[in-house]
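Reproduced below: upload-v6.cif, with mmCIF, C-alpha atoms and all ligand atoms.
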data_protein
loop_
_atom_site.label_atom_id
_atom_site.label_comp_id
_atom_site.auth_asym_id
_atom_site.auth_seq_id
_atom_site.Cartn_x
_atom_site.Cartn_y
_atom_site.Cartn_z
CA MET A 24 5.40 -2.86 -23.26
CA ILE A 25 7.82 -5.12 -21.36
CA ALA A 26 10.69 -6.86 -23.07
CA LEU A 27 13.19 -9.18 -21.41
CA LYS A 28 16.16 -9.95 -23.61
CA GLU A 29 18.36 -12.85 -22.60
CA VAL A 30 18.16 -11.82 -18.98
CA SER A 31 20.28 -13.62 -16.40
CA LYS A 32 20.74 -12.98 -12.71
CA PHE A 33 23.58 -14.08 -10.49
CA TYR A 34 23.41 -13.51 -6.76
CA PRO A 35 26.71 -13.18 -4.93
CA PRO A 36 27.86 -16.33 -3.11
CA THR A 37 26.20 -16.75 0.27
CA ALA A 38 29.24 -18.39 1.89
CA ARG A 39 32.93 -17.76 1.46
CA GLY A 40 34.39 -19.89 -1.32
CA ALA A 41 30.91 -20.75 -2.63
CA LYS A 42 29.92 -20.05 -6.20
CA PRO A 43 27.53 -17.26 -7.21
CA VAL A 44 23.92 -18.40 -7.45
CA LEU A 45 22.51 -18.41 -10.96
CA ALA A 46 18.87 -17.61 -10.22
CA VAL A 47 17.63 -16.69 -13.69
CA ASP A 48 19.21 -18.04 -16.85
CA HIS A 49 18.76 -16.31 -20.23
CA VAL A 50 15.09 -15.46 -19.95
CA SER A 51 13.51 -13.73 -22.93
CA ALA A 52 9.88 -12.64 -23.08
CA GLU A 53 7.72 -9.89 -24.50
CA ILE A 54 4.54 -8.65 -22.92
CA GLU A 55 2.20 -6.52 -25.00
CA GLU A 56 0.35 -3.47 -23.81
CA GLY A 57 -2.81 -4.45 -21.92
CA GLU A 58 -1.85 -8.11 -21.83
CA PHE A 59 -2.24 -10.27 -18.73
CA VAL A 60 0.70 -12.63 -18.42
CA CYS A 61 1.36 -15.12 -15.63
CA ILE A 62 4.69 -16.67 -14.79
CA VAL A 63 4.25 -20.02 -13.10
CA GLY A 64 6.99 -22.21 -11.69
CA PRO A 65 8.12 -24.08 -8.61
CA SER A 66 9.36 -22.30 -5.52
CA GLY A 67 12.92 -21.04 -5.92
CA CYS A 68 12.88 -20.99 -9.73
CA GLY A 69 13.51 -17.25 -9.91
CA LYS A 70 10.00 -15.82 -10.32
CA THR A 71 10.45 -13.11 -7.71
CA THR A 72 13.86 -12.31 -9.12
CA VAL A 73 12.35 -11.76 -12.58
CA LEU A 74 9.63 -9.53 -11.16
CA ASN A 75 12.09 -7.56 -9.03
CA MET A 76 14.28 -6.95 -12.06
CA VAL A 77 11.31 -5.69 -14.09
CA ALA A 78 10.30 -3.52 -11.13
CA GLY A 79 13.83 -2.12 -10.98
CA PHE A 80 14.49 -3.35 -7.44
CA GLU A 81 17.19 -5.78 -8.54
CA SER A 82 19.85 -5.22 -11.16
CA VAL A 83 20.19 -7.44 -14.22
CA SER A 84 23.47 -9.41 -14.38
CA GLN A 85 23.29 -10.08 -18.11
CA GLY A 86 20.93 -9.07 -20.89
CA GLU A 87 18.47 -6.22 -20.66
CA ILE A 88 14.93 -5.30 -19.73
CA LEU A 89 13.01 -2.63 -21.61
CA VAL A 90 9.77 -1.07 -20.42
CA GLY A 91 8.03 1.11 -22.97
CA GLY A 92 11.21 0.93 -25.04
CA LYS A 93 13.38 2.29 -22.20
CA LEU A 94 16.07 0.38 -20.37
CA VAL A 95 15.04 -0.38 -16.79
CA SER A 96 17.57 0.79 -14.23
CA LYS A 97 15.38 1.74 -11.28
CA PRO A 98 11.76 1.67 -10.11
CA GLY A 99 9.35 4.05 -11.81
CA PRO A 100 5.79 5.34 -11.31
CA GLU A 101 4.54 3.56 -14.44
CA ARG A 102 5.27 0.20 -12.74
CA ALA A 103 3.21 -0.52 -9.62
CA VAL A 104 4.05 -3.55 -7.51
CA VAL A 105 1.83 -5.71 -5.30
CA PHE A 106 3.53 -8.23 -2.99
CA GLN A 107 2.29 -11.36 -1.25
CA GLN A 108 2.04 -9.53 2.05
CA PRO A 109 -0.15 -6.45 1.63
CA SER A 110 2.22 -3.54 2.08
CA LEU A 111 -0.06 -1.09 3.86
CA LEU A 112 1.09 1.47 6.38
CA PRO A 113 -0.35 0.26 9.70
CA TRP A 114 -0.84 3.74 11.17
CA MET A 115 -2.88 5.02 8.22
CA THR A 116 -6.54 4.45 7.46
CA VAL A 117 -7.66 2.62 4.33
CA PHE A 118 -8.46 5.99 2.76
CA ASP A 119 -5.03 7.45 3.53
CA ASN A 120 -3.22 4.30 2.51
CA ILE A 121 -4.92 4.33 -0.88
CA GLY A 122 -4.42 8.07 -1.33
CA PHE A 123 -0.79 7.93 -0.22
CA GLY A 124 0.72 7.72 -3.71
CA LEU A 125 -1.43 10.60 -4.92
CA THR A 126 -0.41 12.89 -2.09
CA LEU A 127 3.17 12.41 -3.11
CA GLN A 128 2.39 12.92 -6.77
CA GLU A 129 0.27 16.05 -7.06
CA GLY A 130 -1.36 18.70 -4.96
CA ARG A 131 -5.05 19.12 -5.85
CA LYS A 132 -6.97 17.99 -2.81
CA THR A 133 -10.66 17.66 -3.75
CA ARG A 134 -10.10 15.95 -7.06
CA GLN A 135 -7.80 13.53 -5.30
CA ARG A 136 -10.34 12.78 -2.61
CA ASP A 137 -12.92 12.00 -5.30
CA LYS A 138 -10.46 9.71 -6.98
CA VAL A 139 -9.70 7.82 -3.78
CA ALA A 140 -13.42 7.53 -2.97
CA GLN A 141 -14.07 6.12 -6.43
CA MET A 142 -11.24 3.62 -6.09
CA ILE A 143 -12.62 2.52 -2.71
CA GLU A 144 -15.95 1.76 -4.39
CA THR A 145 -14.28 -0.04 -7.30
CA MET A 146 -12.39 -2.22 -4.84
CA GLY A 147 -15.45 -3.05 -2.78
CA LEU A 148 -14.06 -1.29 0.28
CA GLY A 149 -16.96 1.13 0.75
CA GLY A 150 -17.68 1.66 4.45
CA PHE A 151 -14.13 0.72 5.45
CA GLU A 152 -12.31 3.90 4.44
CA GLY A 153 -11.80 4.93 8.07
CA HIS A 154 -10.55 1.52 9.18
CA PHE A 155 -6.93 0.71 9.87
CA PRO A 156 -5.25 -2.26 8.16
CA TYR A 157 -5.37 -4.46 11.28
CA GLN A 158 -9.17 -4.09 11.29
CA LEU A 159 -9.46 -5.68 7.84
CA SER A 160 -9.47 -9.31 6.69
CA GLY A 161 -6.52 -10.53 4.64
CA GLY A 162 -8.51 -10.25 1.41
CA MET A 163 -9.57 -6.70 2.17
CA GLN A 164 -6.03 -5.72 3.06
CA GLN A 165 -4.86 -7.05 -0.26
CA ARG A 166 -7.67 -5.19 -2.07
CA ALA A 167 -6.54 -2.00 -0.37
CA ALA A 168 -2.95 -2.71 -1.43
CA ILE A 169 -4.10 -3.26 -5.03
CA ALA A 170 -6.14 -0.06 -4.83
CA ARG A 171 -3.07 1.79 -3.67
CA ALA A 172 -1.08 0.37 -6.56
CA LEU A 173 -3.75 1.30 -9.13
CA ILE A 174 -4.66 4.78 -7.90
CA THR A 175 -1.85 6.45 -9.80
CA GLU A 176 -3.06 4.71 -12.99
CA PRO A 177 0.19 2.85 -13.65
CA GLU A 178 0.55 1.35 -17.09
CA ILE A 179 2.00 -1.80 -15.59
CA LEU A 180 0.96 -3.85 -12.62
CA LEU A 181 3.55 -6.29 -11.27
CA MET A 182 2.15 -8.84 -8.83
CA ASP A 183 4.20 -11.35 -6.87
CA GLU A 184 1.95 -14.15 -5.57
CA PRO A 185 -0.48 -11.51 -4.27
CA PHE A 186 -3.08 -14.08 -3.22
CA GLY A 187 -0.66 -16.71 -1.95
CA ALA A 188 -1.40 -16.03 1.72
CA LEU A 189 -5.20 -16.13 1.37
CA ASP A 190 -7.55 -19.03 1.99
CA ALA A 191 -8.99 -20.79 -1.08
CA GLN A 192 -12.36 -19.04 -1.11
CA THR A 193 -10.96 -15.54 -0.60
CA ARG A 194 -8.37 -16.30 -3.19
CA ALA A 195 -11.00 -17.22 -5.78
CA ASP A 196 -12.94 -14.05 -4.94
CA MET A 197 -9.80 -11.97 -5.37
CA GLN A 198 -9.05 -13.56 -8.72
CA LYS A 199 -12.52 -12.64 -10.01
CA PHE A 200 -12.13 -9.24 -8.57
CA LEU A 201 -8.72 -8.62 -10.13
CA LEU A 202 -10.02 -9.71 -13.54
CA ALA A 203 -12.98 -7.34 -13.27
CA VAL A 204 -10.68 -4.44 -12.39
CA TRP A 205 -8.24 -5.38 -15.12
CA GLU A 206 -11.02 -5.49 -17.71
CA ARG A 207 -12.00 -1.97 -16.69
CA LEU A 208 -8.61 -0.32 -16.41
CA ARG A 209 -6.58 -2.56 -18.72
CA PRO A 210 -3.10 -2.21 -17.27
CA THR A 211 -0.40 -4.53 -18.55
CA VAL A 212 -0.13 -7.23 -15.87
CA LEU A 213 2.77 -9.48 -15.01
CA PHE A 214 1.48 -11.86 -12.35
CA ILE A 215 3.69 -14.38 -10.56
CA THR A 216 2.25 -17.52 -9.03
CA HIS A 217 3.17 -21.12 -8.26
CA ASP A 218 -0.50 -22.08 -8.61
CA VAL A 219 -1.18 -23.61 -12.01
CA GLU A 220 -4.98 -23.15 -11.89
CA GLU A 221 -4.60 -19.53 -10.89
CA SER A 222 -2.29 -18.85 -13.81
CA ILE A 223 -4.73 -20.37 -16.32
CA VAL A 224 -7.80 -18.65 -14.89
CA LEU A 225 -6.15 -15.25 -15.07
CA ALA A 226 -3.79 -15.10 -17.98
CA ASP A 227 -3.84 -14.49 -21.71
CA ARG A 228 -0.49 -16.24 -21.71
CA VAL A 229 1.25 -18.47 -19.18
CA ILE A 230 5.04 -18.55 -19.06
CA VAL A 231 6.20 -21.79 -17.44
CA MET A 232 9.58 -21.73 -15.72
CA THR A 233 11.87 -24.63 -14.89
CA PRO A 234 13.42 -25.22 -11.44
CA ARG A 235 16.60 -23.33 -10.68
CA PRO A 236 18.29 -21.95 -12.57
CA GLY A 237 15.08 -20.41 -13.84
CA ARG A 238 14.60 -20.72 -17.54
CA ILE A 239 11.47 -20.47 -19.63
CA ALA A 240 10.33 -23.98 -20.41
CA GLU A 241 7.37 -22.94 -22.52
CA THR A 242 4.86 -20.19 -23.14
CA ILE A 243 1.24 -21.23 -23.51
CA ASP A 244 -1.51 -19.08 -25.04
CA ILE A 245 -4.68 -19.50 -23.03
CA GLY A 246 -7.56 -19.52 -25.48
CA LEU A 247 -10.33 -19.40 -22.88
CA GLY A 248 -12.84 -16.63 -23.56
CA ARG A 249 -13.28 -13.48 -21.51
CA PRO A 250 -14.77 -12.54 -19.22
CA ARG A 251 -13.59 -15.73 -17.56
CA ASN A 252 -16.22 -17.79 -15.90
CA TRP A 253 -15.43 -19.92 -12.87
CA ASP A 254 -17.26 -22.93 -14.25
CA MET A 255 -14.42 -23.05 -16.75
CA ILE A 256 -12.22 -24.71 -14.15
CA LEU A 257 -14.10 -27.94 -14.75
CA SER A 258 -14.25 -27.69 -18.53
CA PRO A 259 -12.25 -30.12 -20.68
CA GLU A 260 -10.48 -27.16 -22.27
CA PHE A 261 -9.31 -25.86 -18.89
CA LEU A 262 -8.18 -29.31 -17.83
CA ARG A 263 -6.21 -29.65 -21.05
CA TYR A 264 -4.30 -26.47 -20.24
CA LYS A 265 -3.78 -27.64 -16.70
CA LYS A 266 -2.40 -30.95 -17.86
CA GLU A 267 -0.17 -29.18 -20.37
CA VAL A 268 1.35 -26.94 -17.70
CA LEU A 269 1.68 -29.72 -15.13
CA THR A 270 3.40 -31.94 -17.66
CA ILE A 271 6.00 -29.24 -18.25
CA LEU A 272 6.48 -28.71 -14.53
CA ARG A 273 6.64 -32.42 -13.75
CA PRO A 274 7.65 -34.29 -16.88
CA PRO A 275 6.60 -37.94 -16.98
CA ARG A 276 9.42 -40.34 -16.07
CA ASP A 277 9.88 -42.00 -19.42
CA ALA A 278 10.24 -38.59 -21.09
CA SER A 279 13.27 -37.83 -18.92
CA GLN A 280 14.65 -41.31 -19.53
CA ASN A 281 14.38 -40.76 -23.27
CA ALA A 282 16.05 -37.41 -22.88
CA GLY A 283 18.84 -38.81 -20.70
N1 LIG B 301 19.09 -11.86 -2.36
C1 LIG B 301 19.44 -13.11 -2.68
N2 LIG B 301 20.71 -13.54 -2.47
C2 LIG B 301 21.08 -14.78 -2.81
N3 LIG B 301 20.27 -15.69 -3.39
C3 LIG B 301 19.01 -15.32 -3.62
C4 LIG B 301 18.50 -14.01 -3.29
N4 LIG B 301 17.21 -13.94 -3.65
C5 LIG B 301 16.90 -15.12 -4.18
N5 LIG B 301 17.97 -15.96 -4.17
C6 LIG B 301 18.00 -17.32 -4.70
O1 LIG B 301 17.65 -17.27 -6.07
C7 LIG B 301 16.76 -18.34 -6.39
C8 LIG B 301 15.46 -17.77 -6.95
O2 LIG B 301 14.76 -17.08 -5.90
P1 LIG B 301 13.36 -16.40 -6.14
O3 LIG B 301 13.47 -15.46 -7.27
O4 LIG B 301 12.93 -15.82 -4.85
O5 LIG B 301 12.44 -17.63 -6.54
P2 LIG B 301 10.85 -17.83 -6.50
O6 LIG B 301 10.23 -16.47 -6.37
O7 LIG B 301 10.52 -18.50 -7.79
O8 LIG B 301 10.56 -18.70 -5.33
C9 LIG B 301 16.58 -19.14 -5.13
O9 LIG B 301 17.44 -20.23 -5.16
C10 LIG B 301 16.98 -18.20 -4.02
O10 LIG B 301 17.51 -18.88 -2.93
MG MG B 302 8.90 -15.70 -4.97
#

Representation of the structure as structure tokens:
Amino acid sequence: MIALKEVSKFYPPTARGAKPVLAVDHVSAEIEEGEFVCIVGPSGCGKTTVLNMVAGFESVSQGEILVGGKLVSKPGPERAVVFQQPSLLPWMTVFDNIGFGLTLQEGRKTRQRDKVAQMIETMGLGGFEGHFPYQLSGGMQQRAAIARALITEPEILLMDEPFGALDAQTRADMQKFLLAVWERLRPTVLFITHDVEESIVLADRVIVMTPRPGRIAETIDIGLGRPRNWDMILSPEFLRYKKEVLTILRPPRDASQNAG
């Protein structure tokens, strides 16, 4: 569904005489239809850059990205994006925010209203359809933003640290919630996070990136069953994955000495 082939990204120099910034260095990855893949890595390693290139917001400097076999050159309706800050229109109600994409897409009013109402139920926003974004908690705002992304039934959901701004409890609720929605609708998900536990809880596969310039250090298949169960976080299997990812992110000292 998504294929990155030897993708690199240079940003232009930020100061005169400075060198271009290599943000992403020869990243290759394939994401299957319906798969849930997380990219985890330290801040500044190029995660957002990768997502923005897949979304078509940023150009690729080298290599290529294919979505559904087609070269990505601009954003498209089959790729919905959810950002860390919920991107709702402040002057529109929850209902209108969620229906916004539909209004632009097609013209049949009643069927659309049914669809929005159904999405509001799915997202646990029943009773809040007439509220404005500022009247919602952070978690609800993000649910509305996810609803808006999903309403057009995109094949691909691109998420850039969507729960990064939420408190721990809301964040855990949102993770459960996202998994439940994903199991129902089965979009292909590329989910960016710097939170190792979050990546393991959510993903079929975790792609671990190195600090800048961002490269793929390793890809780890997460063999935990589905539906995921939050008690798993304490299981030896989960902790093994966590240790595996953390060891890649922060290699033990003697390993680097051996390498050096
Ligand atoms: N528009 C830009 N212009 C110049 N440098 C950028 C730009 N966007 C990101 N960078 C740099 O590219 C690197 C990767 O950034 P980013 O993709 O945002 O990382 P992450 O999302 O993993 O924190 C960082 O060093 C950042 O400073
Ligand atoms: Mg980022």

Exercise. Throw together the list of residues within 9 Å of ligand LIG 301 (chain B), counting all atoms listed in the file, and drop it here as a ChimeraX atom specification.
Key: /A:32-37,43-47,63-75,81,183-184,215-217,232,234-237

Quiz item: Restricting the calculation to all atoms listed in the file, which member of A:Arg194, A:Lys28, A:Arg228, A:His154 is positioned closest to Val268 (chain A)?
Solution: A:Arg228

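Shortest atom-to-atom contact with ligand MG 302 (chain B) among A:Ile243, A:Leu269, A:Leu89, A:Met182: A:Met182, counting all atoms listed in the file.
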
Self-check item: Top pick for closest residue to Gln107 (chain A), considering A:Ser222, A:Gln158, A:Thr242, A:Gln165 and counting only C-alpha atoms
Solution: A:Gln165

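Among A:Ala226, A:Met146, A:Leu272, A:Ile62, the residue with the shortest atom-to-atom distance to ligand MG 302 (chain B), counting only C-alpha atoms and all ligand atoms, is A:Ile62.
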
Could you pull the residues within 9 Å of Met115 (chain A), counting only C-alpha atoms, minus those fewer than 3 positions along the same chain, as a compact mmCIF listing (two decimals) with C-alpha atoms, in the coordinates of the input?
# COMPACT_ATOMS: atom_id res chain seq x y z
CA LEU A 111 -0.06 -1.09 3.86
CA LEU A 112 1.09 1.47 6.38
CA PHE A 118 -8.46 5.99 2.76
CA ASP A 119 -5.03 7.45 3.53
CA ASN A 120 -3.22 4.30 2.51
CA GLY A 153 -11.80 4.93 8.07
CA HIS A 154 -10.55 1.52 9.18
CA PHE A 155 -6.93 0.71 9.87
CA PRO A 156 -5.25 -2.26 8.16

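Nearest to Gly162 (chain A) of all the residues A:Glu101, A:Asp254, A:Glu176, A:Asp190 is A:Asp190, counting only C-alpha atoms.
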
Exercise. Just give me the residues with any atom within 12 Å of (-11.0, -23.6, -19.8), file coordinates, counting only C-alpha atoms, written as a PyMOL selection string.
Key: chain A and resi 220-227+244-266

Exercise. May I have the residues within 8 Å of Glu241 (chain A) as a VMD selection string, using all atoms listed in the file and disregarding those fewer than 6 positions away in the same chain?
Key: chain A and resid 230 to 232 271

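Among the candidates A:Leu208, A:Leu213, A:Phe106, A:Glu152, the residue lying nearest to ligand MG 302 (chain B) is A:Phe106 (atoms considered: all atoms listed in the file).
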
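Atom pair CA of Val204 (chain A) / CA of Ile88 (chain A) has a distance of 26.7 Å (rounded to one decimal).
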
Self-check item: Residue contacts of Glu87 (chain A) (9 Å, only C-alpha atoms) excluding same-chain residues fewer than 4 positions away, as a list in words
Solution: Ala26, Leu27, Lys28, Glu29, Val30, Ser31, Val83, Leu94 and Val95 of chain A

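Counting from CA of Thr145 (chain A), the distance to CA of Pro210 (chain A) is 15.1 Å.
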
Self-check item: Computed interatomic separation between CA of Ile25 (chain A) and CA of His49 (chain A) (Å)
Solution: 15.7 Å

Region 225-242 of chain A: axis-aligned bounding box, 8 Å on each side, centre and edge lengths in Å, one decimal, as AutoDock Vina command-line options:
--center_x 6.1 --center_y -19.9 --center_z -16.9 --size_x 40.4 --size_y 26.7 --size_z 28.5

Quiz item: Excluding same-chain residues fewer than 5 positions from Ala78 (chain A), what lies within 8 Å of it counting all atoms listed in the file, as a PyMOL selection string?
Solution: chain A and resi 97-99+102-104+181
